[in-house]
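Okay, work.csv is below, CSV, C-alpha atoms:
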chain,number,residue,atom,x,y,z
A,5,MET,CA,-22.0,12.1,-14.7
A,6,ALA,CA,-23.6,9.5,-12.5
A,7,GLN,CA,-23.6,10.3,-8.8
A,8,LEU,CA,-20.6,8.7,-7.2
A,9,GLU,CA,-21.2,5.9,-4.7
A,10,ILE,CA,-18.4,5.7,-2.2
A,11,PRO,CA,-17.7,2.1,-1.0
A,12,VAL,CA,-16.7,1.7,2.6
A,13,ILE,CA,-13.3,0.0,3.2
A,14,ASN,CA,-13.5,-2.6,6.1
A,15,HIS,CA,-10.5,-3.7,8.0
A,16,GLU,CA,-9.5,-5.8,11.0
A,17,TYR,CA,-6.4,-6.1,13.1
A,18,ALA,CA,-4.3,-9.1,11.9
A,19,PHE,CA,-0.9,-9.1,13.7
A,20,SER,CA,1.9,-7.0,15.2
A,21,VAL,CA,5.7,-7.2,14.4
A,22,ARG,CA,8.5,-5.9,16.7
A,23,ILE,CA,11.6,-5.1,14.7
A,24,GLU,CA,14.8,-4.6,16.6
A,25,SER,CA,17.0,-1.8,15.3
A,26,GLY,CA,20.8,-2.2,14.7
A,27,GLY,CA,21.4,1.6,14.5
A,28,HIS,CA,21.4,4.1,11.7
A,29,ILE,CA,23.6,5.1,8.8
A,30,GLN,CA,22.4,8.2,7.0
A,31,PHE,CA,23.8,10.5,4.3
A,32,GLN,CA,22.7,13.0,1.6
A,33,GLY,CA,23.8,12.2,-1.9
A,34,PRO,CA,23.7,14.3,-5.0
A,35,MET,CA,20.2,13.1,-6.0
A,36,ARG,CA,18.7,11.7,-2.8
A,37,SER,CA,19.2,10.8,0.8
A,38,ARG,CA,19.7,7.3,2.0
A,39,THR,CA,19.1,5.7,5.4
A,40,PHE,CA,20.3,2.2,6.4
A,41,GLU,CA,18.7,0.8,9.5
A,42,PRO,CA,19.3,-3.0,9.9
A,43,ALA,CA,16.8,-5.3,11.4
A,44,THR,CA,18.6,-7.4,14.0
A,45,GLY,CA,15.6,-9.5,15.0
A,46,GLY,CA,12.1,-9.4,16.4
A,47,GLU,CA,8.9,-11.1,17.1
A,48,ILE,CA,5.4,-11.5,15.4
A,49,TRP,CA,2.3,-12.0,17.4
A,50,GLY,CA,-1.5,-11.6,16.9
A,51,PRO,CA,-4.5,-13.5,15.8
A,52,LYS,CA,-3.4,-14.2,12.2
A,53,LEU,CA,0.3,-14.7,12.3
A,54,GLN,CA,2.9,-15.6,14.9
A,55,GLY,CA,6.6,-16.0,14.4
A,56,ARG,CA,9.9,-14.1,14.3
A,57,VAL,CA,11.9,-11.6,12.3
A,58,VAL,CA,15.0,-13.5,11.1
A,59,PRO,CA,18.0,-11.8,12.7
A,60,GLN,CA,20.3,-9.8,10.4
A,61,SER,CA,18.0,-10.7,7.4
A,62,GLY,CA,17.4,-7.2,6.1
A,63,ALA,CA,17.1,-3.5,6.7
A,64,ASP,CA,15.2,-0.3,6.0
A,65,PHE,CA,16.8,1.4,3.0
A,66,ALA,CA,14.7,4.6,3.3
A,67,SER,CA,15.3,7.4,0.8
A,68,ASN,CA,13.9,10.9,0.5
A,69,GLU,CA,11.5,10.5,3.4
A,70,GLN,CA,10.0,7.2,2.2
A,71,MET,CA,10.6,3.9,4.0
A,72,ASP,CA,11.7,0.9,1.9
A,73,ALA,CA,12.5,-2.0,4.3
A,74,HIS,CA,13.2,-5.6,3.2
A,75,MET,CA,13.5,-8.5,5.6
A,76,MET,CA,12.8,-12.2,6.1
A,77,MET,CA,10.4,-13.5,8.7
A,78,GLN,CA,9.6,-17.0,9.8
A,79,ALA,CA,6.2,-18.1,10.9
A,80,SER,CA,5.9,-20.4,14.0
A,81,ASP,CA,5.2,-23.3,11.7
A,82,GLY,CA,8.6,-22.7,10.0
A,83,THR,CA,7.3,-21.0,6.8
A,84,TRP,CA,9.7,-18.4,5.4
A,85,ILE,CA,8.1,-15.0,4.6
A,86,TYR,CA,9.6,-12.1,2.8
A,87,MET,CA,8.4,-8.6,3.7
A,88,ASN,CA,8.8,-5.3,1.9
A,89,LEU,CA,7.6,-2.4,4.0
A,90,MET,CA,6.9,0.9,2.3
A,91,GLY,CA,5.6,4.0,3.8
A,92,TYR,CA,6.2,7.1,5.9
A,93,GLU,CA,7.7,7.9,9.3
A,94,HIS,CA,7.4,11.6,10.2
A,95,ASN,CA,8.3,12.6,13.7
A,96,VAL,CA,7.3,16.2,13.3
A,97,THR,CA,3.9,16.9,11.7
A,98,GLU,CA,1.5,19.8,11.5
A,99,ASP,CA,-0.6,18.6,14.3
A,100,GLY,CA,2.5,17.7,16.4
A,101,ARG,CA,1.8,13.9,16.5
A,102,PRO,CA,4.2,11.5,14.9
A,103,TYR,CA,2.9,9.9,11.7
A,104,PHE,CA,4.3,6.4,11.1
A,105,ARG,CA,2.1,4.5,8.6
A,106,VAL,CA,3.3,1.7,6.2
A,107,ALA,CA,2.1,-0.8,3.7
A,108,PRO,CA,3.7,-4.3,3.7
A,109,TYR,CA,4.0,-6.5,0.7
A,110,PHE,CA,4.8,-10.1,1.3
A,111,ASP,CA,6.1,-13.1,-0.7
A,112,THR,CA,5.3,-16.5,0.7
A,113,PRO,CA,5.4,-20.1,-0.4
A,114,SER,CA,2.1,-21.6,-1.6
A,115,GLY,CA,0.3,-23.0,1.5
A,116,PRO,CA,-1.3,-21.7,4.7
A,117,HIS,CA,0.4,-18.3,4.6
A,118,GLU,CA,-0.1,-17.5,0.9
A,119,TRP,CA,-3.0,-15.1,1.7
A,120,LEU,CA,-0.3,-12.7,3.0
A,121,ALA,CA,0.9,-12.4,-0.6
A,122,LYS,CA,-2.6,-11.6,-1.9
A,123,THR,CA,-3.8,-9.1,0.7
A,124,VAL,CA,-3.3,-5.4,1.3
A,125,PHE,CA,-2.5,-4.3,4.9
A,126,ILE,CA,-1.9,-1.0,6.6
A,127,GLY,CA,0.6,-0.8,9.4
A,128,ILE,CA,0.5,1.7,12.3
A,129,GLY,CA,4.1,2.1,13.6
A,130,GLU,CA,5.5,3.1,16.9
A,131,ARG,CA,9.1,3.8,17.6
A,132,HIS,CA,10.5,2.8,21.0
A,133,HIS,CA,13.9,3.2,22.7
A,134,ASN,CA,16.1,1.4,25.3
A,135,PRO,CA,16.7,-0.7,23.3
A,136,ASP,CA,15.8,0.9,19.9
A,137,HIS,CA,13.0,-0.9,18.2
A,138,THR,CA,9.8,-0.4,16.2
A,139,ILE,CA,6.4,-2.1,16.7
A,140,ILE,CA,4.1,-2.1,13.7
A,141,HIS,CA,0.4,-3.2,14.1
A,142,PHE,CA,-0.9,-4.5,10.8
A,143,HIS,CA,-4.6,-4.2,9.9
A,144,GLU,CA,-5.9,-6.4,7.0
A,145,ILE,CA,-7.8,-4.5,4.4
A,146,LEU,CA,-10.9,-6.7,3.8
B,16,MET,CA,2.4,-8.4,25.9
B,17,ALA,CA,-1.2,-8.7,27.2
B,18,GLU,CA,-1.2,-5.0,28.3
B,19,LEU,CA,-0.2,-3.8,24.8
B,20,GLN,CA,-2.8,-1.5,23.2
B,21,ILE,CA,-3.5,-2.1,19.5
B,22,PRO,CA,-4.0,1.3,17.9
B,23,GLY,CA,-7.1,1.4,15.6
B,24,LEU,CA,-6.9,2.2,11.9
B,25,GLU,CA,-8.7,5.4,11.0
B,26,LEU,CA,-9.5,6.2,7.4
B,27,GLU,CA,-10.8,9.5,5.9
B,28,TYR,CA,-12.5,9.5,2.5
B,29,ALA,CA,-10.2,11.5,0.2
B,30,PHE,CA,-11.3,11.3,-3.5
B,31,ALA,CA,-12.5,8.9,-6.2
B,32,VAL,CA,-11.2,8.4,-9.7
B,33,THR,CA,-13.5,7.3,-12.5
B,34,MET,CA,-11.5,5.9,-15.4
B,35,ASN,CA,-11.9,4.4,-18.8
B,36,PHE,CA,-9.3,2.1,-20.3
B,37,ALA,CA,-8.9,1.4,-24.0
B,38,GLU,CA,-6.1,-1.2,-24.5
B,39,ARG,CA,-5.7,-4.2,-22.2
B,40,ILE,CA,-2.5,-5.9,-23.2
B,41,ASP,CA,-0.8,-8.8,-21.4
B,42,PHE,CA,1.9,-11.4,-22.2
B,43,VAL,CA,4.1,-14.0,-20.5
B,44,GLY,CA,7.9,-14.1,-20.8
B,45,PRO,CA,10.9,-15.6,-19.1
B,46,ARG,CA,10.4,-13.4,-16.0
B,47,GLY,CA,6.6,-14.0,-15.8
B,48,GLY,CA,3.5,-12.2,-16.9
B,49,LYS,CA,3.3,-8.5,-17.7
B,50,GLY,CA,0.2,-6.4,-18.2
B,51,TYR,CA,-0.1,-3.0,-19.9
B,52,VAL,CA,-3.3,-1.0,-19.3
B,53,PRO,CA,-3.0,2.7,-20.0
B,54,PRO,CA,-5.7,5.2,-18.8
B,55,ALA,CA,-7.7,6.7,-21.7
B,56,THR,CA,-9.7,9.2,-19.6
B,57,GLY,CA,-10.2,9.8,-15.9
B,58,ILE,CA,-11.9,12.2,-13.6
B,59,VAL,CA,-10.8,12.8,-10.0
B,60,GLU,CA,-13.4,14.2,-7.6
B,61,GLY,CA,-13.7,14.4,-3.8
B,62,PRO,CA,-13.1,16.5,-0.7
B,63,LEU,CA,-9.3,16.4,-0.9
B,64,LEU,CA,-8.6,16.5,-4.7
B,65,ASN,CA,-10.3,17.4,-7.9
B,66,GLY,CA,-8.9,17.1,-11.4
B,67,ARG,CA,-8.2,14.6,-14.1
B,68,VAL,CA,-6.0,11.7,-15.0
B,69,VAL,CA,-3.6,12.7,-17.8
B,70,PRO,CA,-4.5,10.4,-20.7
B,71,TYR,CA,-1.8,8.0,-21.7
B,72,SER,CA,0.6,9.4,-19.1
B,73,GLY,CA,1.5,5.9,-18.0
B,74,ALA,CA,-0.3,2.6,-17.3
B,75,ASP,CA,-0.8,-0.3,-15.0
B,76,TYR,CA,2.3,-2.5,-15.6
B,77,ALA,CA,0.9,-5.4,-13.6
B,78,ILE,CA,2.8,-8.6,-12.9
B,79,PHE,CA,1.1,-12.0,-12.7
B,80,LYS,CA,1.8,-15.7,-12.9
B,81,ASN,CA,-1.5,-17.0,-14.2
B,82,LEU,CA,-3.8,-14.2,-15.3
B,83,SER,CA,-6.8,-16.2,-14.1
B,84,GLU,CA,-5.4,-16.2,-10.5
B,85,GLY,CA,-5.1,-12.4,-10.4
B,86,ILE,CA,-2.5,-9.7,-10.7
B,87,LYS,CA,-0.2,-7.6,-8.6
B,88,VAL,CA,-1.0,-4.1,-9.6
B,89,ASN,CA,1.9,-1.7,-10.4
B,90,THR,CA,0.5,1.5,-11.8
B,91,HIS,CA,2.4,4.7,-12.8
B,92,TYR,CA,0.8,7.7,-14.3
B,93,MET,CA,0.1,11.4,-13.8
B,94,LEU,CA,-2.8,13.4,-12.4
B,95,GLU,CA,-3.5,17.1,-12.9
B,96,SER,CA,-5.5,19.0,-10.2
B,97,ASP,CA,-8.1,21.5,-11.2
B,98,ASP,CA,-5.8,24.3,-9.9
B,99,GLY,CA,-3.0,23.2,-12.2
B,100,HIS,CA,-0.7,21.0,-10.1
B,101,TRP,CA,0.9,17.8,-11.4
B,102,ILE,CA,0.8,14.7,-9.2
B,103,TYR,CA,2.6,11.4,-9.8
B,104,ILE,CA,0.9,8.2,-8.6
B,105,ASN,CA,2.4,4.8,-8.2
B,106,ASN,CA,-0.3,2.4,-7.2
B,107,LYS,CA,0.6,-1.0,-5.7
B,108,GLY,CA,-1.9,-3.7,-4.7
B,109,TYR,CA,-3.8,-6.8,-5.7
B,110,LEU,CA,-6.7,-7.7,-8.0
B,111,HIS,CA,-8.0,-11.2,-7.8
B,112,ARG,CA,-11.2,-13.3,-7.5
B,113,SER,CA,-11.9,-15.8,-4.9
B,114,ALA,CA,-14.7,-18.0,-3.6
B,115,ASP,CA,-17.4,-16.0,-1.9
B,116,PRO,CA,-18.1,-17.7,1.5
B,117,GLU,CA,-21.4,-15.8,1.7
B,118,ASN,CA,-22.6,-17.0,-1.8
B,119,PRO,CA,-21.7,-20.6,-2.5
B,120,GLY,CA,-20.7,-21.1,-6.2
B,121,GLN,CA,-20.0,-17.4,-6.7
B,122,THR,CA,-16.7,-15.5,-6.7
B,123,LYS,CA,-16.0,-12.1,-5.2
B,124,LEU,CA,-13.5,-9.5,-6.4
B,125,TYR,CA,-10.6,-8.4,-4.1
B,126,PHE,CA,-9.2,-5.2,-5.6
B,127,ARG,CA,-7.3,-3.2,-2.9
B,128,PHE,CA,-4.2,-1.0,-3.2
B,129,THR,CA,-1.9,1.5,-1.5
B,130,PRO,CA,-0.9,4.4,-3.8
B,131,PHE,CA,2.3,6.4,-3.3
B,132,PHE,CA,2.0,9.9,-4.6
B,133,GLU,CA,4.6,12.6,-5.3
B,134,ALA,CA,3.2,16.1,-5.4
B,135,PRO,CA,5.0,19.5,-5.6
B,136,TYR,CA,5.4,21.8,-2.6
B,137,GLY,CA,2.0,23.6,-2.2
B,138,PRO,CA,-1.5,22.5,-1.5
B,139,TYR,CA,-1.0,18.8,-2.3
B,140,GLU,CA,2.4,18.2,-0.6
B,141,TRP,CA,0.6,16.2,2.1
B,142,MET,CA,0.0,13.5,-0.6
B,143,SER,CA,3.8,12.9,-0.6
B,144,ARG,CA,3.7,12.2,3.1
B,145,SER,CA,0.5,10.3,3.6
B,146,MET,CA,-0.4,6.6,3.4
B,147,ILE,CA,-3.5,6.2,1.3
B,148,VAL,CA,-5.5,3.0,0.8
B,149,GLY,CA,-8.0,2.3,-2.0
B,150,THR,CA,-10.6,0.0,-3.4
B,151,GLY,CA,-11.4,-0.6,-7.0
B,152,GLU,CA,-14.5,-1.8,-8.8
B,153,ARG,CA,-15.7,-2.3,-12.3
B,154,LEU,CA,-19.0,-0.5,-13.0
B,155,THR,CA,-21.4,-0.8,-16.0
B,156,ASN,CA,-23.8,1.5,-17.8
B,157,PRO,CA,-21.6,3.1,-18.9
B,158,ASP,CA,-18.6,0.8,-18.6
B,159,ARG,CA,-16.0,2.3,-16.3
B,160,SER,CA,-13.7,1.6,-13.3
B,161,GLN,CA,-14.0,3.5,-10.1
B,162,PHE,CA,-11.0,3.8,-7.7
B,163,THR,CA,-11.9,5.1,-4.2
B,164,TYR,CA,-9.1,6.5,-2.0
B,165,TYR,CA,-9.0,6.9,1.7
B,166,ARG,CA,-6.3,8.8,3.7
B,167,VAL,CA,-4.8,6.8,6.6
B,168,LEU,CA,-5.0,9.1,9.6

Using structure tokens, write down the structure from this file.
Amino acid sequence: MAQLEIPVINHEYAFSVRIESGGHIQFQGPMRSRTFEPATGGEIWGPKLQGRVVPQSGADFASNEQMDAHMMMQASDGTWIYMNLMGYEHNVTEDGRPYFRVAPYFDTPSGPHEWLAKTVFIGIGERHHNPDHTIIHFHEIL
Amino acid sequence: MAELQIPGLELEYAFAVTMNFAERIDFVGPRGGKGYVPPATGIVEGPLLNGRVVPYSGADYAIFKNLSEGIKVNTHYMLESDDGHWIYINNKGYLHRSADPENPGQTKLYFRFTPFFEAPYGPYEWMSRSMIVGTGERLTNPDRSQFTYYRVL
């Protein structure tokens, strides 16, 4: 077996999204849990994307401890952007720190924002209160 | 917002998977392009996991519009650790070539992904709760693909 060479993964900060929360619905079903947390609006800022989260355009439909959020965003030039966020939000971890990490997958029209639909990102999430919202800082995987 | 701190992204090398593929099938239908590339063999090695890819336990069922413009990876298969645990992997990401700004006239490969694992309770249950990010490359002599995975801290 050839000796493994381990390539380095480079990344850089791209933008942040604030997602305002419209509350929680949560239940346990016979096969799985389900959470519904609607996105009531928000803002996008940073070096590579600015805009807004379209109010009432989607929600997190998390199940069995895995986030699965869907929502529409609009860039400041008017371009519509669909975002599907998948990942994990654990408030209690072995080392006592919350772990809120996600991967977004985007669909965009062809044009200046289409790179979003061809690029992998990792988001670092923070949950805030009064009013309830999350902020996710997205790093582009180069 | 100027006072807002941007938390840095920290990655920890987890393991690498060296794989061989036999079939590479693709077609285009009413709902777009579909790929089918099953793993024939695969070895997993690294600080956080050692084992094998279970041959023909699934495939990359990629989607695409024009194959020449790249694919959206959507892989499902099973791993088995050296100590006998089954682990399901669903790998999502992108594979495409684009102009290389550093080498005019050349292209460079972008092959990055975020796998989601499901592992049983036990030594690998952290894989069910951790974001992982990976990079893939085609290697020669012998022909093989290497997927390198980092845990997001």

List as an mmCIF file with C-alpha atoms, in the frame of the given file the protein and nucleic acid residues near Gly50 (chain A), meaning an atom at most 7 Å away when all atoms listed in the file are counted, but skip any in the same chain fewer than 2 places from it.
data_model
loop_
_atom_site.group_PDB
_atom_site.id
_atom_site.type_symbol
_atom_site.label_atom_id
_atom_site.label_comp_id
_atom_site.auth_asym_id
_atom_site.auth_seq_id
_atom_site.Cartn_x
_atom_site.Cartn_y
_atom_site.Cartn_z
ATOM 1 C CA ALA A 18 -4.300 -9.100 11.900
ATOM 2 C CA PHE A 19 -0.900 -9.100 13.700
ATOM 3 C CA SER A 20 1.900 -7.000 15.200
ATOM 4 C CA LYS A 52 -3.400 -14.200 12.200
ATOM 5 C CA LEU A 53 0.300 -14.700 12.300
ATOM 6 C CA GLN A 54 2.900 -15.600 14.900
#

Could you please tell me, as a PDB file with C-alpha atoms, keeping the file's coordinate frame, which residues of chain A have an atom within 7 Å of chain B when using all atoms listed in the file?
ATOM      1  CA  ILE A  10     -18.400   5.700  -2.200  1.00  0.00           C
ATOM      2  CA  GLY A  91       5.600   4.000   3.800  1.00  0.00           C
ATOM      3  CA  TYR A  92       6.200   7.100   5.900  1.00  0.00           C
ATOM      4  CA  ARG A 105       2.100   4.500   8.600  1.00  0.00           C
ATOM      5  CA  VAL A 106       3.300   1.700   6.200  1.00  0.00           C
ATOM      6  CA  ALA A 107       2.100  -0.800   3.700  1.00  0.00           C
ATOM      7  CA  LYS A 122      -2.600 -11.600  -1.900  1.00  0.00           C
ATOM      8  CA  THR A 123      -3.800  -9.100   0.700  1.00  0.00           C
ATOM      9  CA  VAL A 124      -3.300  -5.400   1.300  1.00  0.00           C
ATOM     10  CA  HIS A 141       0.400  -3.200  14.100  1.00  0.00           C
TER      11      HIS A 141
END

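Our summary of the geometry notes that CA of Asp97 (chain B) is positioned 18.3 Å from CA of Leu8 (chain A).
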
Set the distance at 6 Å and use all atoms listed in the file: which residues neighbour Thr56 (chain B) once local chain neighbours fewer than 4 positions away are removed? I'd like the list as a list in words. Met34, Asn35 and Pro70 of chain B

Report, in Å with one decimal, the straight-line distance from CA of Arg22 (chain A) to CA of Val57 (chain A).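 CA of Val57 (chain A) lies 8.0 Å from CA of Arg22 (chain A).
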
Can you list, as a ChimeraX atom specification, every protein, DNA or RNA residue that comes within 9 Å of Phe65 (chain A) when you count only C-alpha atoms, leaving out same-chain residues fewer than 6 positions away? /A:38-42,71-74

Nearest to Ser113 (chain B): which of A:Glu9, A:Tyr17, A:Phe31, A:Trp119 is it, counting all atoms listed in the file?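 Checking each of A:Glu9, A:Tyr17, A:Phe31, A:Trp119 against Ser113 (chain B), counting all atoms listed in the file, the winner is A:Trp119.
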